[in-house]
Amino acid sequence: MHTSLPDFDMPTEEQVHLAAESFRLLSDPTRIKILWALLQGESSVACLAELADAAPTAVSQHLAKLRLAGLVKGRREGTFVYYTAADEHVRRLLVQGLYHADHIDRDEAPRPARTSHHE
């Protein structure tokens, strides 16, 4: 059926799994704040913690996961590490996600589940 369509293309299993992992990592509000701050320029954990209104230890854990996923890069200077967003792809992902959030029909959108646990 679809395969008979010209130009029909499906991503590979690896592409699907890597994209899903990136979206999973971007599903956390604190990580979105951290990445958005890093898109403005290089920053330290302490500064990111203040901007994201999160504990420095939590920010460090988020950054470790984002770094392993290739979404952020770190640069060591003495005992400090300064982080930046990995590339322009990260900016496009966040801009599109935030743009979409601004254009959701609030009456039709599913409500996020409320949780009582804190990080």
# chains A, B, ... in the order shown; residues from 1 in each chain; ligands from 1
$ residues_around --residues "Leu48 (chain A)" --least-positions-apart "3" --cutoff "8 Å" --atoms "only C-alpha atoms" --output "mmCIF file with all heavy atoms, in the first residue's frame"
data_model
loop_
_atom_site.group_PDB
_atom_site.id
_atom_site.type_symbol
_atom_site.label_atom_id
_atom_site.label_comp_id
_atom_site.auth_asym_id
_atom_site.auth_seq_id
_atom_site.Cartn_x
_atom_site.Cartn_y
_atom_site.Cartn_z
ATOM 1 N N ILE A 34 17.432 23.970 31.142
ATOM 2 C CA ILE A 34 18.893 23.901 31.046
ATOM 3 C C ILE A 34 19.333 24.077 29.600
ATOM 4 O O ILE A 34 20.219 24.891 29.304
ATOM 5 C CB ILE A 34 19.410 22.560 31.616
ATOM 6 C CG1 ILE A 34 19.245 22.522 33.133
ATOM 7 C CG2 ILE A 34 20.873 22.325 31.221
ATOM 8 C CD1 ILE A 34 19.450 21.147 33.752
ATOM 9 N N ALA A 37 18.814 27.640 28.344
ATOM 10 C CA ALA A 37 19.852 28.531 28.871
ATOM 11 C C ALA A 37 21.160 28.322 28.118
ATOM 12 O O ALA A 37 21.850 29.290 27.778
ATOM 13 C CB ALA A 37 20.045 28.279 30.368
ATOM 14 N N SER A 43 27.734 27.993 29.990
ATOM 15 C CA SER A 43 27.350 28.234 31.377
ATOM 16 C C SER A 43 27.899 27.145 32.292
ATOM 17 O O SER A 43 28.182 26.028 31.865
ATOM 18 C CB SER A 43 25.827 28.281 31.492
ATOM 19 O OG SER A 43 25.448 28.749 32.752
ATOM 20 N N SER A 44 28.011 27.492 33.572
ATOM 21 C CA SER A 44 28.452 26.541 34.597
ATOM 22 C C SER A 44 27.234 25.896 35.248
ATOM 23 O O SER A 44 26.108 26.366 35.105
ATOM 24 C CB SER A 44 29.260 27.273 35.668
ATOM 25 O OG SER A 44 28.414 28.153 36.387
ATOM 26 N N VAL A 45 27.494 24.842 36.010
ATOM 27 C CA VAL A 45 26.422 24.152 36.730
ATOM 28 C C VAL A 45 25.731 25.098 37.697
ATOM 29 O O VAL A 45 24.500 25.128 37.779
ATOM 30 C CB VAL A 45 26.972 22.909 37.469
ATOM 31 C CG1 VAL A 45 25.928 22.325 38.417
ATOM 32 C CG2 VAL A 45 27.430 21.857 36.481
ATOM 33 N N LEU A 51 19.313 29.427 37.071
ATOM 34 C CA LEU A 51 18.384 29.714 35.977
ATOM 35 C C LEU A 51 17.228 28.719 35.915
ATOM 36 O O LEU A 51 16.098 29.085 35.601
ATOM 37 C CB LEU A 51 19.131 29.715 34.638
ATOM 38 C CG LEU A 51 20.097 30.871 34.418
ATOM 39 C CD1 LEU A 51 20.961 30.609 33.195
ATOM 40 C CD2 LEU A 51 19.330 32.178 34.278
ATOM 41 N N ALA A 52 17.522 27.451 36.205
ATOM 42 C CA ALA A 52 16.501 26.403 36.125
ATOM 43 C C ALA A 52 15.756 26.229 37.436
ATOM 44 O O ALA A 52 14.838 25.410 37.518
ATOM 45 C CB ALA A 52 17.145 25.080 35.709
ATOM 46 N N PRO A 56 22.053 22.257 42.319
ATOM 47 C CA PRO A 56 23.208 21.978 41.464
ATOM 48 C C PRO A 56 23.450 20.490 41.234
ATOM 49 O O PRO A 56 23.827 20.091 40.131
ATOM 50 C CB PRO A 56 24.380 22.616 42.229
ATOM 51 C CG PRO A 56 23.748 23.709 43.027
ATOM 52 C CD PRO A 56 22.383 23.184 43.408
ATOM 53 N N VAL A 59 21.063 19.397 38.568
ATOM 54 C CA VAL A 59 21.493 19.926 37.268
ATOM 55 C C VAL A 59 22.669 19.111 36.736
ATOM 56 O O VAL A 59 22.712 18.775 35.554
ATOM 57 C CB VAL A 59 21.843 21.429 37.372
ATOM 58 C CG1 VAL A 59 22.531 21.927 36.112
ATOM 59 C CG2 VAL A 59 20.571 22.227 37.638
#
$ select_by_dssp --residues "chain A" --states "alpha helix (DSSP H)" --output "PyMOL selection string"
chain A and resi 13-25+29-40+45-52+56-68+88-102
$ write_last_selection --atoms "C-alpha atoms" --output "compact mmCIF listing (two decimals), in the first residue's frame"
# COMPACT_ATOMS: atom_id res chain seq x y z
CA GLU A 13 15.04 1.15 13.54
CA GLU A 14 18.22 2.77 14.86
CA GLN A 15 17.04 6.24 13.82
CA VAL A 16 13.67 5.65 15.50
CA HIS A 17 15.26 4.47 18.75
CA LEU A 18 17.80 7.32 18.85
CA ALA A 19 15.09 9.91 18.16
CA ALA A 20 12.86 8.40 20.85
CA GLU A 21 15.73 8.55 23.35
CA SER A 22 16.36 12.22 22.51
CA PHE A 23 12.65 13.03 22.94
CA ARG A 24 12.59 11.10 26.21
CA LEU A 25 15.47 13.20 27.51
CA PRO A 29 10.97 20.55 32.21
CA THR A 30 14.28 21.13 34.03
CA ARG A 31 16.23 19.74 31.07
CA ILE A 32 14.34 22.04 28.71
CA LYS A 33 15.26 25.02 30.92
CA ILE A 34 18.89 23.90 31.05
CA LEU A 35 19.11 23.44 27.29
CA TRP A 36 17.37 26.74 26.60
CA ALA A 37 19.85 28.53 28.87
CA LEU A 38 22.75 26.79 27.11
CA LEU A 39 21.44 27.95 23.75
CA GLN A 40 22.05 31.49 25.02
CA VAL A 45 26.42 24.15 36.73
CA ALA A 46 25.92 26.81 39.42
CA CYS A 47 24.56 29.34 36.95
CA LEU A 48 22.33 26.73 35.28
CA ALA A 49 20.99 25.66 38.69
CA GLU A 50 19.97 29.23 39.41
CA LEU A 51 18.38 29.71 35.98
CA ALA A 52 16.50 26.40 36.13
CA PRO A 56 23.21 21.98 41.46
CA THR A 57 23.40 18.22 42.06
CA ALA A 58 20.20 17.69 40.06
CA VAL A 59 21.49 19.93 37.27
CA SER A 60 24.74 17.94 37.19
CA GLN A 61 22.79 14.71 36.81
CA HIS A 62 20.68 16.20 34.01
CA LEU A 63 23.79 17.47 32.25
CA ALA A 64 25.45 14.06 32.45
CA LYS A 65 22.47 12.46 30.70
CA LEU A 66 22.25 15.23 28.12
CA ARG A 67 25.98 14.93 27.44
CA LEU A 68 25.78 11.16 26.95
CA GLU A 88 21.95 23.90 15.98
CA HIS A 89 19.79 20.74 15.95
CA VAL A 90 19.18 21.18 19.68
CA ARG A 91 17.99 24.74 19.07
CA ARG A 92 15.59 23.61 16.34
CA LEU A 93 14.16 20.83 18.51
CA LEU A 94 13.49 23.19 21.41
CA VAL A 95 12.18 26.03 19.28
CA GLN A 96 9.76 23.70 17.53
CA GLY A 97 8.64 22.12 20.81
CA LEU A 98 8.06 25.50 22.44
CA TYR A 99 6.35 26.85 19.32
CA HIS A 100 4.06 23.82 19.31
CA ALA A 101 3.30 24.34 23.01
CA ASP A 102 2.24 27.92 22.25
$ closest_residue --among "A:Glu42, A:Asp105, A:Thr12, A:Ala54" --to "Arg75 (chain A)" --atoms "only C-alpha atoms"
A:Glu42
$ atom_distance --atom1 "CA of Met10 (chain A)" --atom2 "CA of Ala85 (chain A)"
28.2 Å
$ decode --residues "region 24-116 of chain A" --atoms "C-alpha atoms" --output "mmCIF file, in the first residue's frame"
data_model
loop_
_atom_site.group_PDB
_atom_site.id
_atom_site.type_symbol
_atom_site.label_atom_id
_atom_site.label_comp_id
_atom_site.auth_asym_id
_atom_site.auth_seq_id
_atom_site.Cartn_x
_atom_site.Cartn_y
_atom_site.Cartn_z
ATOM 1 C CA ARG A 24 12.588 11.101 26.214
ATOM 2 C CA LEU A 25 15.467 13.200 27.511
ATOM 3 C CA LEU A 26 13.705 16.376 26.376
ATOM 4 C CA SER A 27 10.518 15.413 28.217
ATOM 5 C CA ASP A 28 11.773 16.856 31.506
ATOM 6 C CA PRO A 29 10.971 20.553 32.205
ATOM 7 C CA THR A 30 14.278 21.127 34.029
ATOM 8 C CA ARG A 31 16.231 19.741 31.068
ATOM 9 C CA ILE A 32 14.344 22.038 28.709
ATOM 10 C CA LYS A 33 15.256 25.020 30.915
ATOM 11 C CA ILE A 34 18.893 23.901 31.046
ATOM 12 C CA LEU A 35 19.105 23.441 27.288
ATOM 13 C CA TRP A 36 17.373 26.740 26.604
ATOM 14 C CA ALA A 37 19.852 28.531 28.871
ATOM 15 C CA LEU A 38 22.747 26.790 27.106
ATOM 16 C CA LEU A 39 21.438 27.948 23.747
ATOM 17 C CA GLN A 40 22.055 31.493 25.018
ATOM 18 C CA GLY A 41 25.714 30.686 25.682
ATOM 19 C CA GLU A 42 28.183 28.705 27.715
ATOM 20 C CA SER A 43 27.350 28.234 31.377
ATOM 21 C CA SER A 44 28.452 26.541 34.597
ATOM 22 C CA VAL A 45 26.422 24.152 36.730
ATOM 23 C CA ALA A 46 25.917 26.806 39.421
ATOM 24 C CA CYS A 47 24.563 29.339 36.948
ATOM 25 C CA LEU A 48 22.328 26.734 35.279
ATOM 26 C CA ALA A 49 20.991 25.656 38.687
ATOM 27 C CA GLU A 50 19.970 29.232 39.411
ATOM 28 C CA LEU A 51 18.384 29.714 35.977
ATOM 29 C CA ALA A 52 16.501 26.403 36.125
ATOM 30 C CA ASP A 53 15.551 26.867 39.793
ATOM 31 C CA ALA A 54 17.034 23.471 40.623
ATOM 32 C CA ALA A 55 19.685 22.078 42.946
ATOM 33 C CA PRO A 56 23.208 21.978 41.464
ATOM 34 C CA THR A 57 23.404 18.217 42.058
ATOM 35 C CA ALA A 58 20.198 17.689 40.064
ATOM 36 C CA VAL A 59 21.493 19.926 37.268
ATOM 37 C CA SER A 60 24.745 17.939 37.186
ATOM 38 C CA GLN A 61 22.786 14.707 36.809
ATOM 39 C CA HIS A 62 20.676 16.195 34.006
ATOM 40 C CA LEU A 63 23.787 17.475 32.249
ATOM 41 C CA ALA A 64 25.450 14.056 32.449
ATOM 42 C CA LYS A 65 22.473 12.456 30.703
ATOM 43 C CA LEU A 66 22.247 15.226 28.119
ATOM 44 C CA ARG A 67 25.984 14.931 27.437
ATOM 45 C CA LEU A 68 25.781 11.162 26.953
ATOM 46 C CA ALA A 69 22.932 11.709 24.492
ATOM 47 C CA GLY A 70 25.046 14.220 22.573
ATOM 48 C CA LEU A 71 22.744 17.158 23.324
ATOM 49 C CA VAL A 72 25.316 19.160 25.309
ATOM 50 C CA LYS A 73 29.096 19.493 25.342
ATOM 51 C CA GLY A 74 31.371 20.280 28.248
ATOM 52 C CA ARG A 75 34.632 22.207 28.342
ATOM 53 C CA ARG A 76 36.899 21.842 31.365
ATOM 54 C CA GLU A 77 38.759 24.868 32.665
ATOM 55 C CA GLY A 78 40.690 24.012 35.814
ATOM 56 C CA THR A 79 38.208 22.535 38.257
ATOM 57 C CA PHE A 80 35.180 23.989 36.456
ATOM 58 C CA VAL A 81 33.230 22.573 33.541
ATOM 59 C CA TYR A 82 31.383 24.923 31.230
ATOM 60 C CA TYR A 83 28.549 23.547 29.130
ATOM 61 C CA THR A 84 27.061 24.489 25.775
ATOM 62 C CA ALA A 85 24.299 23.052 23.619
ATOM 63 C CA ALA A 86 25.803 20.547 21.194
ATOM 64 C CA ASP A 87 24.655 22.109 17.937
ATOM 65 C CA GLU A 88 21.954 23.899 15.975
ATOM 66 C CA HIS A 89 19.794 20.738 15.952
ATOM 67 C CA VAL A 90 19.177 21.176 19.681
ATOM 68 C CA ARG A 91 17.988 24.739 19.068
ATOM 69 C CA ARG A 92 15.589 23.614 16.341
ATOM 70 C CA LEU A 93 14.157 20.826 18.514
ATOM 71 C CA LEU A 94 13.487 23.188 21.411
ATOM 72 C CA VAL A 95 12.178 26.028 19.276
ATOM 73 C CA GLN A 96 9.758 23.695 17.527
ATOM 74 C CA GLY A 97 8.641 22.124 20.812
ATOM 75 C CA LEU A 98 8.061 25.504 22.440
ATOM 76 C CA TYR A 99 6.347 26.852 19.321
ATOM 77 C CA HIS A 100 4.058 23.820 19.313
ATOM 78 C CA ALA A 101 3.298 24.335 23.015
ATOM 79 C CA ASP A 102 2.240 27.923 22.254
ATOM 80 C CA HIS A 103 -0.141 26.744 19.538
ATOM 81 C CA ILE A 104 -1.867 23.835 21.250
ATOM 82 C CA ASP A 105 -5.612 24.234 21.558
ATOM 83 C CA ARG A 106 -5.757 24.249 25.359
ATOM 84 C CA ASP A 107 -9.290 22.855 25.372
ATOM 85 C CA GLU A 108 -8.276 19.849 23.270
ATOM 86 C CA ALA A 109 -4.796 19.166 24.665
ATOM 87 C CA PRO A 110 -4.352 16.282 27.109
ATOM 88 C CA ARG A 111 -3.510 17.455 30.603
ATOM 89 C CA PRO A 112 -0.148 16.355 32.038
ATOM 90 C CA ALA A 113 -0.391 13.941 34.947
ATOM 91 C CA ARG A 114 0.326 15.529 38.290
ATOM 92 C CA THR A 115 2.960 13.832 40.385
ATOM 93 C CA SER A 116 3.793 14.346 44.012
#
